[in-house]
Amino acid sequence: MTGMRTAIGLMSGTSLDGIDVALLRTDGESVVERGPSLGRSYDAPFRRRLQVALETAKAIKNRTERPGDLGEIERELTLRHAEAVRALLAENDLKAADIDVIGFHGQTVLHRPNDALTVQLGDGGLLADETGIDVVYDMRANDMAQGGQGAPLIPAYHAALAAGLSQASGKAVVFVNIGGISNLTFIGQGGETIVAFDSGPGNALIDQWVEAHAGIPYDQGGMIASEGQVDAGLAERYLSHAFFTDPVRRSLDRNDFCPPGGRDASLEDGARTLAHVTAAAILRSARHLPERPKLYVVSGGGRLNRVIMDDLASLAQVEGAEVVATEAVGLNGDSMEAEAWAYLAVRSLRGLPLTFPGTTGVKVPVTGGLLRKTAAAG
């Protein structure tokens, strides 16, 4: 099929939990053939190093700076991504020569759209040399240089997926990704209208809360939250944030919302309240959409937290909408963002737009990404 390429996408999200890898064949437009995927979790010591890196990165003024040990962390992070690529190839009896390109997100350690500053750790050249595959990386920067928010980038892929969903036929549908930060993509009837923006805190607050008070990285399945009660006052402290009423949508940094203080709630009530905040934030942000959707398709780790999903379903039902996890419509919620980065890499190779006025606020649709060819290719 003309223009088809085989791509691997790599995503390490704001939850700092690990690397998702996915294979995709696509023309970068309407044709999407989803392939195998896998996940590689970060060990606890490296995850702690990434958490410290978030603090170190606050000093960055120029996106090429790597203060402290950020350069060393970037190298190790890149080598871990290379290992993940090799694992996917080995598990599926593939060779580097079978892959046309890798879409490499890297690890976001700083995102300040008002300053046109975004920093993702990840050495595209090193990854290309380690894997023997061409790499497209740094896909957010050009959007920000052109006046956009630099996020979200996944809507172009969401639009391609929506076109193939029978459940979305004739309906306005929203794809919701609940990662460390939640974001949503609105696909209007017929797929002609695409609007996307960050919707609020996702798993990051819950993860930070349970790690600080229970010594575990996340609330698996919402088990801790299920034992607690919503503290309405604490929830409103988050939901009354100006972010939710500001008519100008903007992308969020992980530090824009901070976890509660230790005396604000019990472990269980804190987890329950923050789960509610995650769900309610999505619906509050959805008020800025062109119309109320009838279907929410939820991906990311948050879809596995039954308390978040139950709250989201209850709140959406009041507005006559249905909430489903990606698996219910034949998609993979764990690999979707990695798939998106494979898709975007192919679009980048073809010079097609990655972002649009309705997704990042950029003035005109723009492409993006840097291409690093393997040493063998020159």
# chains A, B, ... in the order shown; residues from 1 in each chain; ligands from 1
call {"tool": "select_by_dssp", "arguments": {"residues": "segment 104-315 of chain A", "states": "strand (DSSP E)", "output": "MDAnalysis selection string"}}
result
chainID A and resid 104:112 117:121 135:137 173:178 181:187 194:201 295:299
call {"tool": "residues_around", "arguments": {"residues": "Gly125 of chain A", "least_positions_apart": "6", "cutoff": "9 Å", "atoms": "only C-alpha atoms", "output": "VMD selection string"}}
result
chain A and resid 134 to 135 371 to 375
call {"tool": "residues_around", "arguments": {"residues": "Gly330 of chain A", "least_positions_apart": "2", "cutoff": "12 Å", "atoms": "only C-alpha atoms", "output": "list in words"}}
result
Arg34, Leu161, Ala162, Gly164, Leu165, Ser166, Gln167, Val297, Ser299, Val324, Ala325, Thr326, Glu327, Ala328, Asn332, Gly333 and Met336 of chain A
call {"tool": "select_by_dssp", "arguments": {"residues": "segment 229-282 of chain A", "states": "alpha helix (DSSP H)", "output": "PyMOL selection string"}}
result
chain A and resi 232-239+267-282
call {"tool": "residues_around", "arguments": {"residues": "Gly106 of chain A", "least_positions_apart": "5", "cutoff": "12 Å", "atoms": "only C-alpha atoms", "output": "MDAnalysis selection string"}}
result
chainID A and resid 9:14 16 18:21 50 73:82 118:124 127 135:140 338 341
call {"tool": "closest_atom_pairs", "arguments": {"of": "segment 238-267 of chain A", "to": "segment 211-214 of chain A", "cutoff": "12 Å", "atoms": "only C-alpha atoms", "output": "CSV"}}
result
residue,atom,partner,partner_atom,distance
A:Pro259,CA,A:Ala212,CA,9.6
A:Pro260,CA,A:Ala212,CA,10.5
A:Gly261,CA,A:Ala212,CA,10.0
A:Gly262,CA,A:His213,CA,7.7
A:Arg263,CA,A:His213,CA,10.7
A:Asp264,CA,A:His213,CA,11.9
A:Ala265,CA,A:His213,CA,10.6
A:Ser266,CA,A:His213,CA,8.9
A:Leu267,CA,A:His213,CA,6.4
call {"tool": "write_last_selection", "arguments": {"atoms": "all heavy atoms", "output": "tab-separated table (two decimals), in the first residue's frame"}}
result
chain	number	residue	atom	x	y	z
A	259	PRO	N	-0.09	17.70	45.48
A	259	PRO	CA	-0.87	16.84	46.38
A	259	PRO	C	-1.20	17.56	47.68
A	259	PRO	O	-0.55	18.54	48.04
A	259	PRO	CB	0.06	15.65	46.62
A	259	PRO	CG	1.43	16.17	46.37
A	259	PRO	CD	1.29	17.20	45.29
A	260	PRO	N	-2.22	17.09	48.39
A	260	PRO	CA	-2.60	17.70	49.66
A	260	PRO	C	-1.48	17.57	50.70
A	260	PRO	O	-0.56	16.75	50.55
A	260	PRO	CB	-3.84	16.91	50.10
A	260	PRO	CG	-4.29	16.17	48.89
A	260	PRO	CD	-3.07	15.94	48.06
A	261	GLY	N	-1.59	18.35	51.76
A	261	GLY	CA	-0.68	18.20	52.88
A	261	GLY	C	-1.04	16.97	53.68
A	261	GLY	O	-2.16	16.43	53.60
A	262	GLY	N	-0.10	16.49	54.48
A	262	GLY	CA	-0.29	15.25	55.20
A	262	GLY	C	-1.43	15.26	56.20
A	262	GLY	O	-1.98	14.21	56.54
A	263	ARG	N	-1.80	16.44	56.69
A	263	ARG	CA	-2.87	16.52	57.67
A	263	ARG	C	-4.24	16.82	57.06
A	263	ARG	O	-5.23	16.99	57.77
A	263	ARG	CB	-2.54	17.61	58.70
A	263	ARG	CG	-1.27	17.32	59.51
A	263	ARG	CD	-1.01	18.39	60.54
A	263	ARG	NE	0.19	18.11	61.34
A	263	ARG	CZ	0.64	18.88	62.31
A	263	ARG	NH1	-0.01	20.00	62.60
A	263	ARG	NH2	1.73	18.55	62.98
A	264	ASP	N	-4.28	16.92	55.73
A	264	ASP	CA	-5.54	17.29	55.07
A	264	ASP	C	-6.56	16.16	55.05
A	264	ASP	O	-7.76	16.42	54.96
A	264	ASP	CB	-5.27	17.75	53.64
A	264	ASP	CG	-4.62	19.12	53.57
A	264	ASP	OD1	-4.75	19.87	54.56
A	264	ASP	OD2	-3.99	19.44	52.55
A	265	ALA	N	-6.09	14.91	55.11
A	265	ALA	CA	-7.02	13.78	55.02
A	265	ALA	C	-6.30	12.51	55.46
A	265	ALA	O	-5.08	12.46	55.52
A	265	ALA	CB	-7.52	13.63	53.58
A	266	SER	N	-7.10	11.50	55.74
A	266	SER	CA	-6.51	10.17	55.98
A	266	SER	C	-6.03	9.62	54.65
A	266	SER	O	-6.36	10.14	53.58
A	266	SER	CB	-7.57	9.23	56.58
A	266	SER	OG	-8.59	8.97	55.62
A	267	LEU	N	-5.25	8.55	54.71
A	267	LEU	CA	-4.76	7.92	53.47
A	267	LEU	C	-5.92	7.58	52.55
A	267	LEU	O	-5.91	7.94	51.35
A	267	LEU	CB	-3.98	6.65	53.82
A	267	LEU	CG	-3.62	5.73	52.65
A	267	LEU	CD1	-2.66	6.42	51.69
A	267	LEU	CD2	-3.03	4.41	53.16
call {"tool": "residues_around", "arguments": {"residues": "Arg47 of chain A", "least_positions_apart": "5", "cutoff": "10 Å", "atoms": "only C-alpha atoms", "output": "ChimeraX atom specification"}}
result
/A:15-18,41-42,52-53,217
call {"tool": "residues_around", "arguments": {"residues": "Ala279 of chain A", "least_positions_apart": "5", "cutoff": "10 Å", "atoms": "only C-alpha atoms", "output": "JSON, numbers by chain"}}
result
{"A": [178, 182, 199, 200, 201, 202, 274, 284, 302, 307, 308, 309, 310, 311, 312, 313, 314, 315, 316]}
call {"tool": "closest_residue", "arguments": {"among": "A:Asp69, A:Glu55, A:Asp100, A:Asp207", "to": "Val346 of chain A", "atoms": "only C-alpha atoms"}}
result
A:Asp100
call {"tool": "closest_residue", "arguments": {"among": "A:Phe356, A:Phe104, A:Ala97, A:Ala275", "to": "Leu126 of chain A", "atoms": "only C-alpha atoms"}}
result
A:Phe104
call {"tool": "closest_residue", "arguments": {"among": "A:Val329, A:Ala7, A:Val195, A:Val101", "to": "Gly132 of chain A", "atoms": "only C-alpha atoms"}}
result
A:Val101
call {"tool": "closest_residue", "arguments": {"among": "A:Leu38, A:Ile206, A:Asp231, A:Asp253", "to": "Ala271 of chain A", "atoms": "only C-alpha atoms"}}
result
A:Ile206
call {"tool": "closest_residue", "arguments": {"among": "A:Ser240, A:Thr64, A:Thr6, A:Ser30", "to": "Lys95 of chain A", "atoms": "only C-alpha atoms"}}
result
A:Thr6
call {"tool": "atom_distance", "arguments": {"atom1": "atom CA of Gly369 of chain A", "atom2": "atom CA of Phe197 of chain A"}}
result
20.0 Å
call {"tool": "residues_around", "arguments": {"residues": "Gly368 of chain A", "least_positions_apart": "4", "cutoff": "8 Å", "atoms": "only C-alpha atoms", "output": "count of residues only"}}
result
10
call {"tool": "atom_distance", "arguments": {"atom1": "atom CA of Val174 of chain A", "atom2": "atom CA of Tyr157 of chain A"}}
result
12.7 Å
call {"tool": "closest_residue", "arguments": {"among": "A:Ala160, A:Leu205, A:Leu331, A:Val176", "to": "Glu192 of chain A", "atoms": "only C-alpha atoms"}}
result
A:Ala160
call {"tool": "atom_distance", "arguments": {"atom1": "atom CA of Asn305 of chain A", "atom2": "atom CA of Gly150 of chain A"}}
result
27.8 Å
call {"tool": "decode", "arguments": {"residues": "segment 148-197 of chain A", "atoms": "N, CA and C atoms", "output": "PDB file, in the first residue's frame"}}
result
ATOM      1  N   GLY A 148       2.198  27.535  19.709  1.00  0.00           N
ATOM      2  CA  GLY A 148       1.284  26.558  20.286  1.00  0.00           C
ATOM      3  C   GLY A 148       1.671  26.175  21.701  1.00  0.00           C
ATOM      4  N   GLN A 149       0.814  25.356  22.326  1.00  0.00           N
ATOM      5  CA  GLN A 149       1.036  24.911  23.695  1.00  0.00           C
ATOM      6  C   GLN A 149       1.981  23.711  23.778  1.00  0.00           C
ATOM      7  N   GLY A 150       2.278  23.110  22.650  1.00  0.00           N
ATOM      8  CA  GLY A 150       3.146  21.947  22.651  1.00  0.00           C
ATOM      9  C   GLY A 150       2.471  20.669  23.111  1.00  0.00           C
ATOM     10  N   ALA A 151       1.196  20.730  23.413  1.00  0.00           N
ATOM     11  CA  ALA A 151       0.432  19.567  23.876  1.00  0.00           C
ATOM     12  C   ALA A 151      -1.061  19.888  23.752  1.00  0.00           C
ATOM     13  N   PRO A 152      -1.895  18.867  23.585  1.00  0.00           N
ATOM     14  CA  PRO A 152      -1.529  17.464  23.357  1.00  0.00           C
ATOM     15  C   PRO A 152      -1.222  17.197  21.883  1.00  0.00           C
ATOM     16  N   LEU A 153      -0.413  16.177  21.633  1.00  0.00           N
ATOM     17  CA  LEU A 153      -0.063  15.795  20.260  1.00  0.00           C
ATOM     18  C   LEU A 153      -0.842  14.587  19.756  1.00  0.00           C
ATOM     19  N   ILE A 154      -1.455  13.851  20.639  1.00  0.00           N
ATOM     20  CA  ILE A 154      -2.110  12.600  20.245  1.00  0.00           C
ATOM     21  C   ILE A 154      -3.407  12.787  19.433  1.00  0.00           C
ATOM     22  N   PRO A 155      -4.049  13.984  19.407  1.00  0.00           N
ATOM     23  CA  PRO A 155      -5.329  14.101  18.693  1.00  0.00           C
ATOM     24  C   PRO A 155      -5.316  13.657  17.237  1.00  0.00           C
ATOM     25  N   ALA A 156      -4.229  13.872  16.514  1.00  0.00           N
ATOM     26  CA  ALA A 156      -4.195  13.433  15.116  1.00  0.00           C
ATOM     27  C   ALA A 156      -4.422  11.924  15.026  1.00  0.00           C
ATOM     28  N   TYR A 157      -3.858  11.191  15.970  1.00  0.00           N
ATOM     29  CA  TYR A 157      -4.049   9.740  15.995  1.00  0.00           C
ATOM     30  C   TYR A 157      -5.457   9.383  16.453  1.00  0.00           C
ATOM     31  N   HIS A 158      -5.964  10.097  17.432  1.00  0.00           N
ATOM     32  CA  HIS A 158      -7.336   9.863  17.873  1.00  0.00           C
ATOM     33  C   HIS A 158      -8.320  10.003  16.712  1.00  0.00           C
ATOM     34  N   ALA A 159      -8.105  11.008  15.871  1.00  0.00           N
ATOM     35  CA  ALA A 159      -9.010  11.229  14.736  1.00  0.00           C
ATOM     36  C   ALA A 159      -8.978  10.048  13.777  1.00  0.00           C
ATOM     37  N   ALA A 160      -7.780   9.484  13.569  1.00  0.00           N
ATOM     38  CA  ALA A 160      -7.670   8.315  12.704  1.00  0.00           C
ATOM     39  C   ALA A 160      -8.386   7.116  13.309  1.00  0.00           C
ATOM     40  N   LEU A 161      -8.270   6.945  14.627  1.00  0.00           N
ATOM     41  CA  LEU A 161      -8.945   5.832  15.302  1.00  0.00           C
ATOM     42  C   LEU A 161     -10.459   6.001  15.279  1.00  0.00           C
ATOM     43  N   ALA A 162     -10.926   7.225  15.516  1.00  0.00           N
ATOM     44  CA  ALA A 162     -12.373   7.477  15.575  1.00  0.00           C
ATOM     45  C   ALA A 162     -13.049   7.111  14.265  1.00  0.00           C
ATOM     46  N   ALA A 163     -12.347   7.332  13.168  1.00  0.00           N
ATOM     47  CA  ALA A 163     -12.932   7.028  11.857  1.00  0.00           C
ATOM     48  C   ALA A 163     -13.223   5.540  11.701  1.00  0.00           C
ATOM     49  N   GLY A 164     -12.534   4.702  12.488  1.00  0.00           N
ATOM     50  CA  GLY A 164     -12.741   3.263  12.386  1.00  0.00           C
ATOM     51  C   GLY A 164     -13.624   2.672  13.463  1.00  0.00           C
ATOM     52  N   LEU A 165     -14.198   3.515  14.324  1.00  0.00           N
ATOM     53  CA  LEU A 165     -15.024   3.021  15.426  1.00  0.00           C
ATOM     54  C   LEU A 165     -16.502   3.063  15.058  1.00  0.00           C
ATOM     55  N   SER A 166     -17.115   1.891  15.002  1.00  0.00           N
ATOM     56  CA  SER A 166     -18.550   1.866  14.700  1.00  0.00           C
ATOM     57  C   SER A 166     -19.345   2.531  15.821  1.00  0.00           C
ATOM     58  N   GLN A 167     -18.823   2.432  17.056  1.00  0.00           N
ATOM     59  CA  GLN A 167     -19.535   3.024  18.200  1.00  0.00           C
ATOM     60  C   GLN A 167     -19.592   4.541  18.109  1.00  0.00           C
ATOM     61  N   ALA A 168     -18.667   5.144  17.342  1.00  0.00           N
ATOM     62  CA  ALA A 168     -18.609   6.601  17.239  1.00  0.00           C
ATOM     63  C   ALA A 168     -19.409   7.132  16.060  1.00  0.00           C
ATOM     64  N   SER A 169     -19.967   6.245  15.263  1.00  0.00           N
ATOM     65  CA  SER A 169     -20.679   6.666  14.069  1.00  0.00           C
ATOM     66  C   SER A 169     -21.858   7.591  14.413  1.00  0.00           C
ATOM     67  N   GLY A 170     -21.824   8.779  13.858  1.00  0.00           N
ATOM     68  CA  GLY A 170     -22.916   9.717  14.075  1.00  0.00           C
ATOM     69  C   GLY A 170     -22.915  10.387  15.429  1.00  0.00           C
ATOM     70  N   LYS A 171     -21.868  10.181  16.208  1.00  0.00           N
ATOM     71  CA  LYS A 171     -21.797  10.765  17.547  1.00  0.00           C
ATOM     72  C   LYS A 171     -20.554  11.643  17.683  1.00  0.00           C
ATOM     73  N   ALA A 172     -20.674  12.639  18.542  1.00  0.00           N
ATOM     74  CA  ALA A 172     -19.481  13.348  18.983  1.00  0.00           C
ATOM     75  C   ALA A 172     -18.833  12.491  20.064  1.00  0.00           C
ATOM     76  N   VAL A 173     -17.555  12.183  19.882  1.00  0.00           N
ATOM     77  CA  VAL A 173     -16.864  11.284  20.811  1.00  0.00           C
ATOM     78  C   VAL A 173     -15.655  11.994  21.397  1.00  0.00           C
ATOM     79  N   VAL A 174     -15.351  11.686  22.643  1.00  0.00           N
ATOM     80  CA  VAL A 174     -14.164  12.225  23.291  1.00  0.00           C
ATOM     81  C   VAL A 174     -13.262  11.071  23.708  1.00  0.00           C
ATOM     82  N   PHE A 175     -12.006  11.144  23.294  1.00  0.00           N
ATOM     83  CA  PHE A 175     -10.984  10.242  23.808  1.00  0.00           C
ATOM     84  C   PHE A 175     -10.364  10.904  25.028  1.00  0.00           C
ATOM     85  N   VAL A 176     -10.358  10.184  26.131  1.00  0.00           N
ATOM     86  CA  VAL A 176      -9.772  10.693  27.370  1.00  0.00           C
ATOM     87  C   VAL A 176      -8.557   9.849  27.709  1.00  0.00           C
ATOM     88  N   ASN A 177      -7.431  10.493  27.919  1.00  0.00           N
ATOM     89  CA  ASN A 177      -6.257   9.770  28.406  1.00  0.00           C
ATOM     90  C   ASN A 177      -5.992  10.188  29.839  1.00  0.00           C
ATOM     91  N   ILE A 178      -6.067   9.246  30.760  1.00  0.00           N
ATOM     92  CA  ILE A 178      -5.786   9.535  32.164  1.00  0.00           C
ATOM     93  C   ILE A 178      -4.404   8.982  32.480  1.00  0.00           C
ATOM     94  N   GLY A 179      -3.405   9.819  32.281  1.00  0.00           N
ATOM     95  CA  GLY A 179      -2.045   9.510  32.682  1.00  0.00           C
ATOM     96  C   GLY A 179      -1.738  10.315  33.929  1.00  0.00           C
ATOM     97  N   GLY A 180      -0.486  10.759  34.065  1.00  0.00           N
ATOM     98  CA  GLY A 180      -0.170  11.627  35.192  1.00  0.00           C
ATOM     99  C   GLY A 180      -1.019  12.889  35.151  1.00  0.00           C
ATOM    100  N   ILE A 181      -1.161  13.438  33.944  1.00  0.00           N
ATOM    101  CA  ILE A 181      -2.078  14.528  33.641  1.00  0.00           C
ATOM    102  C   ILE A 181      -3.100  13.971  32.670  1.00  0.00           C
ATOM    103  N   SER A 182      -4.352  14.387  32.798  1.00  0.00           N
ATOM    104  CA  SER A 182      -5.387  13.917  31.886  1.00  0.00           C
ATOM    105  C   SER A 182      -5.540  14.895  30.721  1.00  0.00           C
ATOM    106  N   ASN A 183      -5.840  14.339  29.570  1.00  0.00           N
ATOM    107  CA  ASN A 183      -6.162  15.194  28.424  1.00  0.00           C
ATOM    108  C   ASN A 183      -7.296  14.569  27.643  1.00  0.00           C
ATOM    109  N   LEU A 184      -7.941  15.369  26.841  1.00  0.00           N
ATOM    110  CA  LEU A 184      -9.061  14.863  26.062  1.00  0.00           C
ATOM    111  C   LEU A 184      -8.992  15.382  24.632  1.00  0.00           C
ATOM    112  N   THR A 185      -9.551  14.577  23.744  1.00  0.00           N
ATOM    113  CA  THR A 185      -9.659  14.923  22.330  1.00  0.00           C
ATOM    114  C   THR A 185     -11.103  14.772  21.903  1.00  0.00           C
ATOM    115  N   PHE A 186     -11.682  15.838  21.405  1.00  0.00           N
ATOM    116  CA  PHE A 186     -13.058  15.855  20.902  1.00  0.00           C
ATOM    117  C   PHE A 186     -13.032  15.659  19.394  1.00  0.00           C
ATOM    118  N   ILE A 187     -13.760  14.644  18.935  1.00  0.00           N
ATOM    119  CA  ILE A 187     -13.928  14.404  17.501  1.00  0.00           C
ATOM    120  C   ILE A 187     -15.402  14.614  17.185  1.00  0.00           C
ATOM    121  N   GLY A 188     -15.714  15.658  16.433  1.00  0.00           N
ATOM    122  CA  GLY A 188     -17.102  15.956  16.117  1.00  0.00           C
ATOM    123  C   GLY A 188     -17.704  14.959  15.143  1.00  0.00           C
ATOM    124  N   GLN A 189     -19.003  15.024  14.964  1.00  0.00           N
ATOM    125  CA  GLN A 189     -19.673  14.131  14.034  1.00  0.00           C
ATOM    126  C   GLN A 189     -19.055  14.279  12.655  1.00  0.00           C
ATOM    127  N   GLY A 190     -18.705  13.142  12.045  1.00  0.00           N
ATOM    128  CA  GLY A 190     -18.073  13.172  10.734  1.00  0.00           C
ATOM    129  C   GLY A 190     -16.576  13.379  10.792  1.00  0.00           C
ATOM    130  N   GLY A 191     -16.042  13.633  11.978  1.00  0.00           N
ATOM    131  CA  GLY A 191     -14.602  13.778  12.131  1.00  0.00           C
ATOM    132  C   GLY A 191     -14.029  15.088  11.639  1.00  0.00           C
ATOM    133  N   GLU A 192     -14.882  16.055  11.312  1.00  0.00           N
ATOM    134  CA  GLU A 192     -14.371  17.298  10.738  1.00  0.00           C
ATOM    135  C   GLU A 192     -13.849  18.262  11.797  1.00  0.00           C
ATOM    136  N   THR A 193     -14.397  18.197  13.004  1.00  0.00           N
ATOM    137  CA  THR A 193     -13.971  19.101  14.072  1.00  0.00           C
ATOM    138  C   THR A 193     -13.126  18.337  15.085  1.00  0.00           C
ATOM    139  N   ILE A 194     -11.908  18.831  15.322  1.00  0.00           N
ATOM    140  CA  ILE A 194     -11.017  18.232  16.309  1.00  0.00           C
ATOM    141  C   ILE A 194     -10.601  19.315  17.297  1.00  0.00           C
ATOM    142  N   VAL A 195     -10.904  19.079  18.567  1.00  0.00           N
ATOM    143  CA  VAL A 195     -10.520  20.009  19.629  1.00  0.00           C
ATOM    144  C   VAL A 195      -9.871  19.188  20.734  1.00  0.00           C
ATOM    145  N   ALA A 196      -8.756  19.648  21.260  1.00  0.00           N
ATOM    146  CA  ALA A 196      -8.064  18.874  22.298  1.00  0.00           C
ATOM    147  C   ALA A 196      -7.373  19.808  23.271  1.00  0.00           C
ATOM    148  N   PHE A 197      -7.297  19.356  24.513  1.00  0.00           N
ATOM    149  CA  PHE A 197      -6.554  20.102  25.530  1.00  0.00           C
ATOM    150  C   PHE A 197      -6.386  19.234  26.771  1.00  0.00           C
TER     151      PHE A 197
END
